[in-house]
>>> print(open('work18.txt').read())   # compact mmCIF, C-alpha atoms
# COMPACT_ATOMS: atom_id res chain seq x y z
CA MET A 1 -135.68 -147.49 -16.74
CA GLN A 2 -133.10 -145.30 -15.00
CA VAL A 3 -131.17 -142.70 -17.00
CA PRO A 4 -127.51 -143.85 -17.30
CA GLN A 5 -124.70 -141.89 -15.67
CA TYR A 6 -122.60 -139.59 -17.81
CA SER A 7 -119.40 -140.79 -16.11
CA LEU A 8 -118.17 -143.35 -13.61
CA ASP A 9 -116.81 -140.36 -11.68
CA PRO A 10 -119.64 -137.87 -11.04
CA GLN A 11 -117.07 -135.16 -10.23
CA SER A 12 -115.56 -135.29 -13.74
CA ILE A 13 -117.61 -132.34 -15.00
CA PHE A 14 -115.76 -129.99 -12.62
CA LYS A 15 -112.26 -131.18 -13.49
CA SER A 16 -109.89 -129.20 -15.69
CA GLU A 17 -109.67 -132.05 -18.21
CA PHE A 18 -113.38 -131.73 -18.93
CA ILE A 19 -113.41 -127.93 -18.81
CA TYR A 20 -110.51 -127.67 -21.30
CA ASN A 21 -111.51 -130.54 -23.58
CA PRO A 22 -114.97 -132.05 -23.02
CA PHE A 23 -115.32 -133.23 -26.62
CA PRO A 24 -114.11 -136.86 -26.37
CA ILE A 25 -116.51 -137.56 -23.48
CA LEU A 26 -119.35 -135.79 -25.28
CA ALA A 27 -118.71 -137.80 -28.46
CA SER A 28 -119.01 -141.02 -26.48
CA LEU A 29 -122.23 -139.81 -24.83
CA ARG A 30 -123.79 -138.87 -28.17
CA LYS A 31 -123.19 -142.40 -29.37
CA ASN A 32 -124.07 -144.37 -26.26
CA SER A 33 -126.31 -142.28 -23.99
CA PRO A 34 -127.45 -138.92 -25.42
CA ILE A 35 -129.37 -138.35 -22.21
CA SER A 36 -127.31 -139.07 -19.10
CA SER A 37 -127.51 -138.19 -15.41
CA ILE A 38 -124.91 -136.14 -13.56
CA GLY A 39 -124.48 -138.06 -10.31
CA ASN A 40 -127.47 -137.71 -8.00
CA SER A 41 -127.85 -133.99 -8.67
CA GLY A 42 -131.16 -134.18 -10.55
CA PHE A 43 -129.46 -132.79 -13.67
CA HIS A 44 -129.37 -134.62 -17.00
CA LEU A 45 -126.89 -133.85 -19.76
CA ILE A 46 -128.44 -133.80 -23.25
CA SER A 47 -125.75 -134.32 -25.86
CA SER A 48 -127.30 -135.07 -29.28
CA PHE A 49 -128.51 -132.42 -31.72
CA GLU A 50 -131.71 -134.37 -32.31
CA LEU A 51 -132.61 -134.71 -28.64
CA ILE A 52 -131.80 -131.05 -27.89
CA GLN A 53 -134.00 -130.01 -30.80
CA GLU A 54 -136.81 -132.11 -29.34
CA VAL A 55 -136.44 -130.44 -25.93
CA LEU A 56 -136.59 -127.00 -27.52
CA GLU A 57 -139.79 -127.94 -29.34
CA ARG A 58 -141.47 -129.25 -26.15
CA GLU A 59 -141.54 -125.95 -24.27
CA ALA A 60 -144.74 -126.91 -22.41
CA GLU A 61 -142.75 -129.65 -20.64
CA PHE A 62 -139.26 -128.14 -20.61
CA SER A 63 -139.16 -124.58 -19.30
CA ALA A 64 -136.41 -122.00 -19.77
CA ASN A 65 -137.11 -120.74 -16.22
CA LEU A 66 -133.90 -120.90 -14.21
CA LYS A 67 -134.99 -122.83 -11.11
CA GLY A 68 -131.57 -124.21 -10.14
CA VAL A 69 -127.98 -124.46 -11.30
CA LEU A 70 -125.39 -127.22 -11.13
CA TYR A 71 -122.57 -126.66 -8.67
CA ARG A 72 -119.88 -128.52 -6.74
CA SER A 73 -120.96 -129.27 -3.17
CA ASP A 74 -118.62 -129.06 -0.17
CA GLU A 75 -117.98 -132.78 -0.68
CA GLY A 76 -116.99 -132.14 -4.30
CA ASN A 77 -120.03 -133.83 -5.83
CA PRO A 78 -122.45 -132.33 -8.37
CA ASP A 79 -125.50 -130.86 -6.67
CA CYS A 80 -128.31 -128.41 -7.33
CA PHE A 81 -128.16 -124.85 -6.02
CA ASP A 82 -131.85 -124.01 -5.73
CA LEU A 83 -132.91 -120.67 -7.22
CA SER A 84 -136.66 -121.19 -7.00
CA GLU A 85 -137.02 -119.30 -3.71
CA THR A 86 -134.77 -116.35 -4.58
CA GLY A 87 -137.55 -114.27 -6.07
CA ALA A 88 -135.54 -113.78 -9.25
CA LEU A 89 -137.65 -112.68 -12.20
CA ASP A 90 -137.79 -114.76 -15.38
CA VAL A 91 -137.21 -112.38 -18.29
CA ILE A 92 -136.18 -112.72 -21.94
CA ALA A 93 -133.68 -115.65 -21.91
CA THR A 94 -135.32 -117.41 -18.93
CA ALA A 95 -138.96 -116.60 -19.75
CA ASP A 96 -141.40 -118.93 -21.50
CA GLY A 97 -144.22 -118.64 -24.00
CA ALA A 98 -146.18 -115.40 -24.07
CA ASP A 99 -143.87 -113.64 -21.60
CA HIS A 100 -140.78 -114.46 -23.67
CA ALA A 101 -142.53 -113.35 -26.87
CA ARG A 102 -143.61 -110.09 -25.22
CA HIS A 103 -140.11 -109.28 -23.98
CA LYS A 104 -138.56 -110.15 -27.34
CA LYS A 105 -141.07 -107.96 -29.18
CA VAL A 106 -140.09 -104.96 -27.03
CA LEU A 107 -136.43 -105.45 -28.02
CA ALA A 108 -136.87 -106.58 -31.63
CA ASP A 109 -136.36 -103.23 -33.37
CA ALA A 110 -133.17 -102.53 -31.42
CA PHE A 111 -131.50 -105.70 -32.72
CA THR A 112 -132.34 -105.61 -36.42
CA THR A 113 -129.38 -105.59 -38.79
CA LYS A 114 -130.11 -101.95 -39.65
CA SER A 115 -130.15 -100.92 -35.98
CA VAL A 116 -127.01 -102.87 -35.13
CA MET A 117 -125.06 -101.39 -38.06
CA GLN A 118 -125.48 -97.95 -36.50
CA TYR A 119 -122.82 -98.99 -34.01
CA GLU A 120 -120.25 -100.02 -36.62
CA ASN A 121 -118.17 -96.84 -36.48
CA TYR A 122 -118.18 -96.83 -32.70
CA ILE A 123 -117.03 -100.46 -32.61
CA ARG A 124 -114.23 -99.69 -35.08
CA GLN A 125 -113.13 -96.72 -33.00
CA ILE A 126 -112.81 -98.62 -29.75
CA ALA A 127 -111.37 -101.71 -31.47
CA ASN A 128 -108.61 -99.53 -32.94
CA GLN A 129 -107.84 -98.04 -29.55
CA GLU A 130 -107.88 -101.28 -27.61
CA ILE A 131 -105.97 -103.46 -30.07
CA GLU A 132 -103.14 -100.93 -30.05
CA LYS A 133 -102.82 -101.66 -26.34
CA ILE A 134 -102.21 -105.34 -27.10
CA LYS A 135 -99.22 -104.32 -29.20
CA ASP A 136 -97.85 -101.30 -27.38
CA ILE A 137 -98.95 -101.33 -23.77
CA GLY A 138 -100.19 -104.76 -22.80
CA LYS A 139 -97.19 -106.62 -24.25
CA GLY A 140 -99.42 -109.14 -25.90
CA SER A 141 -101.99 -109.56 -23.12
CA CYS A 142 -105.43 -109.82 -24.72
CA VAL A 143 -107.83 -110.35 -21.82
CA ALA A 144 -108.33 -106.70 -20.84
CA THR A 145 -109.00 -105.79 -24.48
CA ILE A 146 -111.48 -108.56 -25.22
CA GLU A 147 -113.35 -107.72 -22.04
CA LYS A 148 -113.40 -103.97 -22.58
CA ILE A 149 -114.59 -103.84 -26.20
CA PRO A 150 -117.85 -105.79 -25.62
CA ALA A 151 -118.39 -104.00 -22.30
CA LEU A 152 -118.25 -100.59 -23.97
CA VAL A 153 -120.45 -101.71 -26.86
CA ILE A 154 -123.18 -103.20 -24.66
CA ALA A 155 -123.02 -100.13 -22.42
CA LYS A 156 -123.49 -97.90 -25.47
CA LEU A 157 -126.40 -100.04 -26.62
CA ILE A 158 -128.09 -99.93 -23.22
CA GLY A 159 -127.41 -96.21 -22.78
CA LEU A 160 -124.67 -96.03 -20.14
CA PRO A 161 -121.92 -93.41 -20.34
CA ASP A 162 -118.47 -94.84 -21.08
CA THR A 163 -117.06 -92.39 -18.54
CA GLU A 164 -118.59 -94.70 -15.90
CA TYR A 165 -116.78 -97.76 -17.26
CA ASP A 166 -115.01 -98.47 -13.96
CA ASP A 167 -118.37 -98.50 -12.20
CA PHE A 168 -120.10 -101.02 -14.44
CA MET A 169 -117.23 -103.15 -15.78
CA ARG A 170 -117.13 -105.49 -12.79
CA TRP A 171 -120.76 -106.44 -13.43
CA ILE A 172 -120.30 -107.52 -17.05
CA MET A 173 -119.01 -111.00 -16.14
CA ILE A 174 -121.14 -111.53 -13.04
CA GLY A 175 -123.77 -113.78 -14.65
CA GLY A 176 -121.19 -116.32 -15.76
CA SER A 177 -119.71 -116.35 -12.27
CA ILE A 178 -123.05 -117.41 -10.80
CA LEU A 179 -123.29 -120.27 -13.30
CA ALA A 180 -119.64 -121.38 -13.20
CA GLY A 181 -120.30 -124.32 -10.88
CA GLU A 182 -117.84 -123.26 -8.19
CA THR A 183 -120.24 -121.66 -5.73
CA SER A 184 -119.37 -120.88 -2.11
CA ALA A 185 -121.29 -119.07 0.58
CA GLU A 186 -118.80 -116.19 0.47
CA GLY A 187 -118.90 -116.06 -3.30
CA LEU A 188 -122.68 -116.09 -3.40
CA HIS A 189 -122.83 -113.28 -0.85
CA TYR A 190 -120.46 -111.17 -2.97
CA LEU A 191 -122.45 -111.89 -6.13
CA ALA A 192 -125.73 -111.06 -4.41
CA VAL A 193 -124.34 -107.73 -3.16
CA GLU A 194 -122.92 -106.82 -6.58
CA THR A 195 -126.11 -107.84 -8.37
CA GLU A 196 -128.07 -105.55 -6.06
CA LYS A 197 -125.63 -102.71 -6.79
CA MET A 198 -126.01 -103.31 -10.52
CA SER A 199 -129.79 -103.33 -10.18
CA ARG A 200 -129.78 -100.02 -8.30
CA TYR A 201 -127.38 -98.48 -10.83
CA LEU A 202 -129.61 -99.45 -13.75
CA PHE A 203 -132.76 -98.40 -11.91
CA ASP A 204 -131.30 -94.93 -11.29
CA LYS A 205 -130.57 -94.57 -15.04
CA PHE A 206 -134.05 -95.90 -15.84
CA ASP A 207 -135.65 -93.49 -13.39
CA LEU A 208 -133.94 -90.48 -14.99
CA LEU A 209 -135.76 -91.31 -18.21
CA GLN A 210 -139.05 -90.18 -16.72
CA ASN A 211 -137.91 -86.99 -18.39
CA SER A 212 -138.77 -87.73 -22.02
CA ASN A 213 -136.25 -85.09 -23.17
CA LEU A 214 -133.43 -87.35 -21.98
CA ARG A 215 -134.52 -90.33 -24.08
CA ASP A 216 -132.71 -91.54 -27.18
CA GLN A 217 -132.43 -94.77 -29.18
CA SER A 218 -130.79 -96.69 -26.33
CA LEU A 219 -132.30 -99.84 -24.86
CA LEU A 220 -133.04 -98.18 -21.53
CA SER A 221 -135.12 -95.61 -23.39
CA VAL A 222 -136.87 -98.40 -25.31
CA LEU A 223 -137.57 -100.21 -22.05
CA ARG A 224 -138.82 -97.01 -20.39
CA CYS A 225 -141.28 -96.40 -23.21
CA ALA A 226 -142.44 -100.02 -23.11
CA PHE A 227 -143.01 -99.70 -19.36
CA GLU A 228 -145.00 -96.50 -19.72
CA ASN A 229 -147.07 -98.08 -22.51
CA GLY A 230 -147.91 -101.00 -20.23
CA ASN A 231 -146.04 -103.62 -22.27
CA ILE A 232 -143.67 -104.60 -19.45
CA THR A 233 -143.41 -103.92 -15.75
CA GLN A 234 -140.64 -101.85 -14.21
CA GLU A 235 -139.17 -104.99 -12.66
CA GLU A 236 -139.16 -106.72 -16.04
CA ALA A 237 -137.44 -103.73 -17.64
CA ILE A 238 -134.60 -103.77 -15.12
CA GLY A 239 -134.38 -107.58 -15.30
CA ILE A 240 -134.05 -107.47 -19.09
CA ALA A 241 -131.33 -104.81 -18.83
CA ILE A 242 -129.40 -106.93 -16.31
CA ILE A 243 -129.51 -110.04 -18.52
CA LEU A 244 -128.48 -108.14 -21.65
CA PHE A 245 -125.75 -106.36 -19.72
CA GLY A 246 -124.13 -109.61 -18.60
CA ALA A 247 -124.86 -111.96 -21.50
CA GLY A 248 -123.96 -109.42 -24.19
CA GLY A 249 -120.60 -108.66 -22.62
CA GLU A 250 -119.44 -112.08 -21.51
CA SER A 251 -120.48 -114.10 -24.57
CA THR A 252 -118.80 -111.72 -27.02
CA SER A 253 -115.67 -111.48 -24.90
CA ALA A 254 -115.50 -115.28 -24.78
CA LEU A 255 -115.96 -115.51 -28.56
CA MET A 256 -113.24 -112.94 -29.21
CA GLY A 257 -110.85 -114.95 -27.07
CA SER A 258 -111.62 -118.12 -29.01
CA THR A 259 -111.00 -116.37 -32.35
CA ILE A 260 -107.60 -115.17 -31.12
CA TYR A 261 -106.75 -118.68 -29.94
CA HIS A 262 -107.66 -120.29 -33.27
CA LEU A 263 -105.74 -117.69 -35.27
CA ALA A 264 -102.67 -117.66 -33.03
CA SER A 265 -102.52 -121.46 -33.22
CA ASN A 266 -102.64 -121.54 -37.02
CA PRO A 267 -100.46 -119.15 -39.08
CA ASP A 268 -101.83 -120.56 -42.35
CA LEU A 269 -105.33 -119.61 -41.24
CA GLN A 270 -104.18 -116.04 -40.56
CA ASN A 271 -102.70 -115.81 -44.04
CA GLU A 272 -105.84 -117.22 -45.62
CA LEU A 273 -108.02 -114.55 -43.98
CA ARG A 274 -105.60 -111.80 -44.96
CA ILE A 275 -105.65 -112.90 -48.59
CA ASP A 276 -109.46 -113.10 -48.66
CA ASN A 277 -111.19 -111.20 -45.86
CA LYS A 278 -114.56 -112.52 -47.03
CA LEU A 279 -113.55 -115.72 -45.27
CA ILE A 280 -113.73 -113.91 -41.92
CA ILE A 281 -117.48 -114.50 -41.80
CA PRO A 282 -117.33 -118.31 -42.20
CA PHE A 283 -114.32 -118.28 -39.88
CA ILE A 284 -116.44 -116.69 -37.13
CA GLU A 285 -119.21 -119.25 -37.65
CA GLU A 286 -116.75 -122.13 -37.42
CA VAL A 287 -115.29 -120.75 -34.18
CA ILE A 288 -118.81 -120.37 -32.76
CA ARG A 289 -119.58 -123.96 -33.78
CA MET A 290 -116.41 -125.50 -32.39
CA SER A 291 -116.01 -123.24 -29.34
CA PRO A 292 -119.42 -121.82 -28.39
CA PRO A 293 -119.12 -119.10 -25.71
CA PHE A 294 -121.75 -120.77 -23.54
CA LYS A 295 -121.23 -124.52 -23.29
CA PHE A 296 -124.85 -125.28 -22.45
CA HIS A 297 -128.10 -123.77 -21.25
CA TYR A 298 -130.56 -125.02 -18.67
CA ARG A 299 -134.10 -126.29 -18.96
CA TYR A 300 -136.47 -127.13 -16.09
CA VAL A 301 -138.71 -130.21 -16.24
CA LYS A 302 -142.25 -129.06 -15.46
CA SER A 303 -143.95 -132.46 -15.24
CA ASP A 304 -143.13 -136.17 -15.32
CA CYS A 305 -142.46 -137.20 -18.90
CA PHE A 306 -140.33 -139.32 -21.20
CA LEU A 307 -137.28 -138.15 -23.13
CA GLY A 308 -135.00 -140.32 -25.23
CA GLY A 309 -136.81 -143.42 -23.99
CA TYR A 310 -136.27 -142.61 -20.31
CA LYS A 311 -138.67 -141.33 -17.70
CA ILE A 312 -137.61 -138.07 -16.09
CA SER A 313 -139.27 -136.42 -13.13
CA SER A 314 -140.90 -133.08 -12.49
CA GLY A 315 -138.33 -130.75 -10.94
CA ASP A 316 -135.34 -132.29 -12.74
CA LYS A 317 -133.11 -130.01 -14.78
CA LEU A 318 -131.52 -130.45 -18.20
CA LEU A 319 -128.21 -129.21 -19.56
CA LEU A 320 -128.56 -128.67 -23.32
CA SER A 321 -124.99 -129.14 -24.50
CA TRP A 322 -124.26 -126.77 -27.39
CA ASP A 323 -120.69 -128.07 -27.20
CA SER A 324 -121.90 -131.52 -28.13
CA ALA A 325 -124.71 -130.66 -30.56
CA ASN A 326 -122.30 -128.59 -32.65
CA ARG A 327 -120.12 -131.65 -33.21
CA ASP A 328 -122.87 -134.17 -33.85
CA GLU A 329 -121.73 -136.51 -36.63
CA LYS A 330 -125.32 -137.03 -37.75
CA LEU A 331 -125.58 -133.36 -38.66
CA ILE A 332 -122.07 -132.26 -39.58
CA ASP A 333 -119.45 -133.99 -41.71
CA ASN A 334 -116.03 -134.26 -40.04
CA PRO A 335 -117.28 -132.24 -37.05
CA ASP A 336 -113.90 -132.08 -35.27
CA GLU A 337 -112.25 -130.56 -38.34
CA PHE A 338 -112.01 -126.76 -38.61
CA SER A 339 -113.27 -125.79 -42.06
CA LEU A 340 -113.94 -122.43 -43.69
CA ARG A 341 -115.93 -123.99 -46.51
CA ARG A 342 -118.94 -125.71 -45.00
CA ASN A 343 -122.11 -125.76 -47.10
CA LYS A 344 -124.23 -124.46 -44.22
CA PRO A 345 -121.82 -122.57 -41.92
CA LYS A 346 -124.61 -121.31 -39.64
CA ASN A 347 -126.11 -124.75 -39.06
CA HIS A 348 -125.04 -124.91 -35.42
CA MET A 349 -126.39 -124.16 -31.94
CA GLY A 350 -123.62 -121.80 -30.85
CA PHE A 351 -126.17 -119.02 -30.27
CA GLY A 352 -128.94 -121.37 -29.15
CA ARG A 353 -131.82 -122.26 -31.43
CA GLY A 354 -135.52 -121.71 -31.96
CA ALA A 355 -137.52 -119.20 -29.94
CA HIS A 356 -134.59 -118.57 -27.60
CA PHE A 357 -132.02 -117.96 -30.32
CA CYS A 358 -129.72 -115.22 -29.04
CA ILE A 359 -131.29 -111.84 -29.80
CA GLY A 360 -127.86 -110.18 -29.83
CA ALA A 361 -126.22 -112.58 -32.31
CA THR A 362 -126.03 -109.98 -35.09
CA LEU A 363 -124.30 -107.50 -32.81
CA ALA A 364 -121.85 -110.11 -31.51
CA ARG A 365 -120.93 -111.19 -35.04
CA LEU A 366 -120.33 -107.56 -36.05
CA GLU A 367 -118.11 -106.87 -33.04
CA VAL A 368 -116.03 -109.98 -33.63
CA LYS A 369 -115.72 -109.35 -37.39
CA ILE A 370 -114.40 -105.82 -36.83
CA PHE A 371 -112.09 -107.06 -34.08
CA ILE A 372 -110.57 -109.75 -36.32
CA GLU A 373 -110.12 -107.34 -39.22
CA ARG A 374 -108.26 -104.89 -37.03
CA LEU A 375 -106.19 -107.60 -35.34
CA LEU A 376 -105.01 -109.00 -38.67
CA GLU A 377 -104.17 -105.49 -39.88
CA SER A 378 -102.16 -104.80 -36.73
CA PHE A 379 -99.93 -107.91 -36.85
CA ASP A 380 -98.07 -109.34 -39.81
CA GLN A 381 -98.13 -112.67 -37.99
CA PHE A 382 -98.75 -113.56 -34.36
CA LYS A 383 -98.60 -116.64 -32.15
CA LEU A 384 -99.44 -117.68 -28.61
CA LYS A 385 -96.87 -116.37 -26.17
CA ASN A 386 -97.63 -119.07 -23.59
CA ASP A 387 -100.32 -121.57 -22.76
CA PRO A 388 -103.64 -119.77 -22.26
CA ILE A 389 -105.74 -120.35 -19.14
CA TYR A 390 -109.50 -120.85 -19.16
CA LEU A 391 -111.84 -119.59 -16.48
CA ASN A 392 -112.66 -122.54 -14.21
CA SER A 393 -116.27 -122.72 -15.34
CA ILE A 394 -118.59 -125.49 -16.44
CA PHE A 395 -120.79 -122.90 -18.20
CA VAL A 396 -118.75 -120.36 -20.13
CA ARG A 397 -115.68 -120.87 -22.33
CA ARG A 398 -113.66 -117.77 -21.51
CA PHE A 399 -109.95 -117.14 -21.14
CA ILE A 400 -108.56 -115.41 -18.06
CA SER A 401 -105.04 -115.46 -19.50
CA LEU A 402 -104.37 -115.16 -23.22
CA ASP A 403 -101.14 -113.63 -24.49
CA ILE A 404 -99.86 -113.32 -28.05
CA GLU A 405 -96.65 -112.04 -29.59
CA GLU A 406 -95.64 -110.97 -33.06
CA VAL A 407 -93.65 -113.45 -35.12
CA ARG A 408 -90.46 -111.81 -36.28
CA ASP A 409 -88.21 -113.07 -39.06
>>> encode(input="work18.txt", output="structure tokens")
Amino acid sequence: MQVPQYSLDPQSIFKSEFIYNPFPILASLRKNSPISSIGNSGFHLISSFELIQEVLEREAEFSANLKGVLYRSDEGNPDCFDLSETGALDVIATADGADHARHKKVLADAFTTKSVMQYENYIRQIANQEIEKIKDIGKGSCVATIEKIPALVIAKLIGLPDTEYDDFMRWIMIGGSILAGETSAEGLHYLAVETEKMSRYLFDKFDLLQNSNLRDQSLLSVLRCAFENGNITQEEAIGIAIILFGAGGESTSALMGSTIYHLASNPDLQNELRIDNKLIIPFIEEVIRMSPPFKFHYRYVKSDCFLGGYKISSGDKLLLSWDSANRDEKLIDNPDEFSLRRNKPKNHMGFGRGAHFCIGATLARLEVKIFIERLLESFDQFKLKNDPIYLNSIFVRRFISLDIEEVRD
């Protein structure tokens, strides 16, 4: 039996209506066809929590290796941009089984709560500096601030000097650009050139650490030691740094933007968090649930098999929709309602789930918590200055225009 189509119009997934508000379509898919095909692209959209959980548990059949991504062809239809012949290395987020476990073990100590809390004062310092710019310099423009804070934090974590911010900032969002779905030959050439520049930049920093006297607690030092101990190859070390560099910056920036949007749209919510700042933590979880930074992640079908009662073929790809799973009525009561008082606020897939749960989730939550605290302290009340604009991306939920203004009596 053939997998049903997700829409009568296969181009719907690229349209602004779906990018801004995919939730009505996803709700219908969860109910009627939790596995559905995206045109003739070879991609299937998985929309129910239960079916996504099953995919995650069947790693032998559904690989995290990134073999291809969904994009809009010259004709406007969904198609597969093949990555299998690029020679790209599968590391950490896109690695499977023993390789994924090995990479995660190398990084584990750097992402414990104790290790992450060492950056608290640094995050507060840069949050103070950058939020002042929203008020005094940027005239309410938030995008530069919510991009810069995570960029500086992930650079500090990796071991890059903030004095070189202008050099590395343009690479922070590059991963999301590759996965946005709007791929052109010119764009791919630019991304390939910039990715090579980023790789050389990180390799030069990595190479300097041959001198053990230059090592510290940074991730590049951790990766250098792991390489010298034979736990990872040099190529894996640089690949891990590249993925952390991009994912850690873009996902946290996207989440910060969503927190601003929710607060600016709801003055009562602002007041509630000011009265009881302990509610900031469940607030963050509810934003992650309702507006996950990454809308989905890919899986690659390794062999012919059945899923959800349908036969799918080796070489097909799956889109695991966090957007949809996080609003699954079978798991969450009143899923379209924003609530600070859910019994299990972390019962969502906003940071993935299972073996591939985001290793940097603790750091992201800390950054966003500090950011919200400082934002609420800086404004008595604020609102949206104009309609925000999302990045035109099927993959990441990130604002490219987001302006707020203080509410004055």
>>> closest_residue(input="work18.txt", among="A:Phe227, A:Asn211, A:Thr362, A:Asp268", to="Thr112 of chain A", atoms="only C-alpha atoms")
A:Thr362
>>> closest_residue(input="work18.txt", among="A:Ile158, A:Ser41, A:Asp323, A:Asp166", to="Leu223 of chain A", atoms="all atoms listed in the file")
A:Ile158
>>> closest_residue(input="work18.txt", among="A:His297, A:Lys383, A:Arg353, A:His44", to="Leu269 of chain A", atoms="only C-alpha atoms")
A:Lys383
>>> residues_around(input="work18.txt", residues="Asp328 of chain A", least_positions_apart="6", cutoff="10 Å", atoms="all atoms listed in the file", output="list of chain:residue names")
A:Leu26, A:Ala27, A:Arg30, A:Lys31, A:Ser47, A:Ser48, A:Phe49, A:Glu50, A:Trp322, A:Asn334, A:Pro335, A:Asp336, A:His348
>>> residues_around(input="work18.txt", residues="Phe283 of chain A", least_positions_apart="2", cutoff="9 Å", atoms="only C-alpha atoms", output="list in words")
Thr259, Leu273, Leu279, Ile280, Ile281, Glu285, Glu286, Val287, Ile288, Phe338, Ser339, Leu340, Arg341 and Pro345 of chain A
>>> residues_near_point(input="work18.txt", point="(-115.1, -111.5, -24.9)", cutoff="8 Å", atoms="all atoms listed in the file", output="ChimeraX atom specification")
/A:143,146-147,149-150,249-257,398
>>> closest_residue(input="work18.txt", among="A:Ala151, A:Ala108, A:Leu263, A:Leu8", to="Ile284 of chain A", atoms="only C-alpha atoms")
A:Leu263
>>> residues_around(input="work18.txt", residues="Ala241 of chain A", least_positions_apart="4", cutoff="8 Å", atoms="all atoms listed in the file", output="PyMOL selection string")
chain A and resi 158+202+219-220+237+245
>>> atom_distance(input="work18.txt", atom1="atom CA of Ser212 of chain A", atom2="atom CA of Gly239 of chain A")
21.4 Å
>>> atom_distance(input="work18.txt", atom1="atom CA of Ile134 of chain A", atom2="atom CA of Glu405 of chain A")
9.1 Å
>>> closest_residue(input="work18.txt", among="A:Trp171, A:Tyr119, A:Phe206, A:Tyr310", to="Ala192 of chain A", atoms="all atoms listed in the file")
A:Trp171
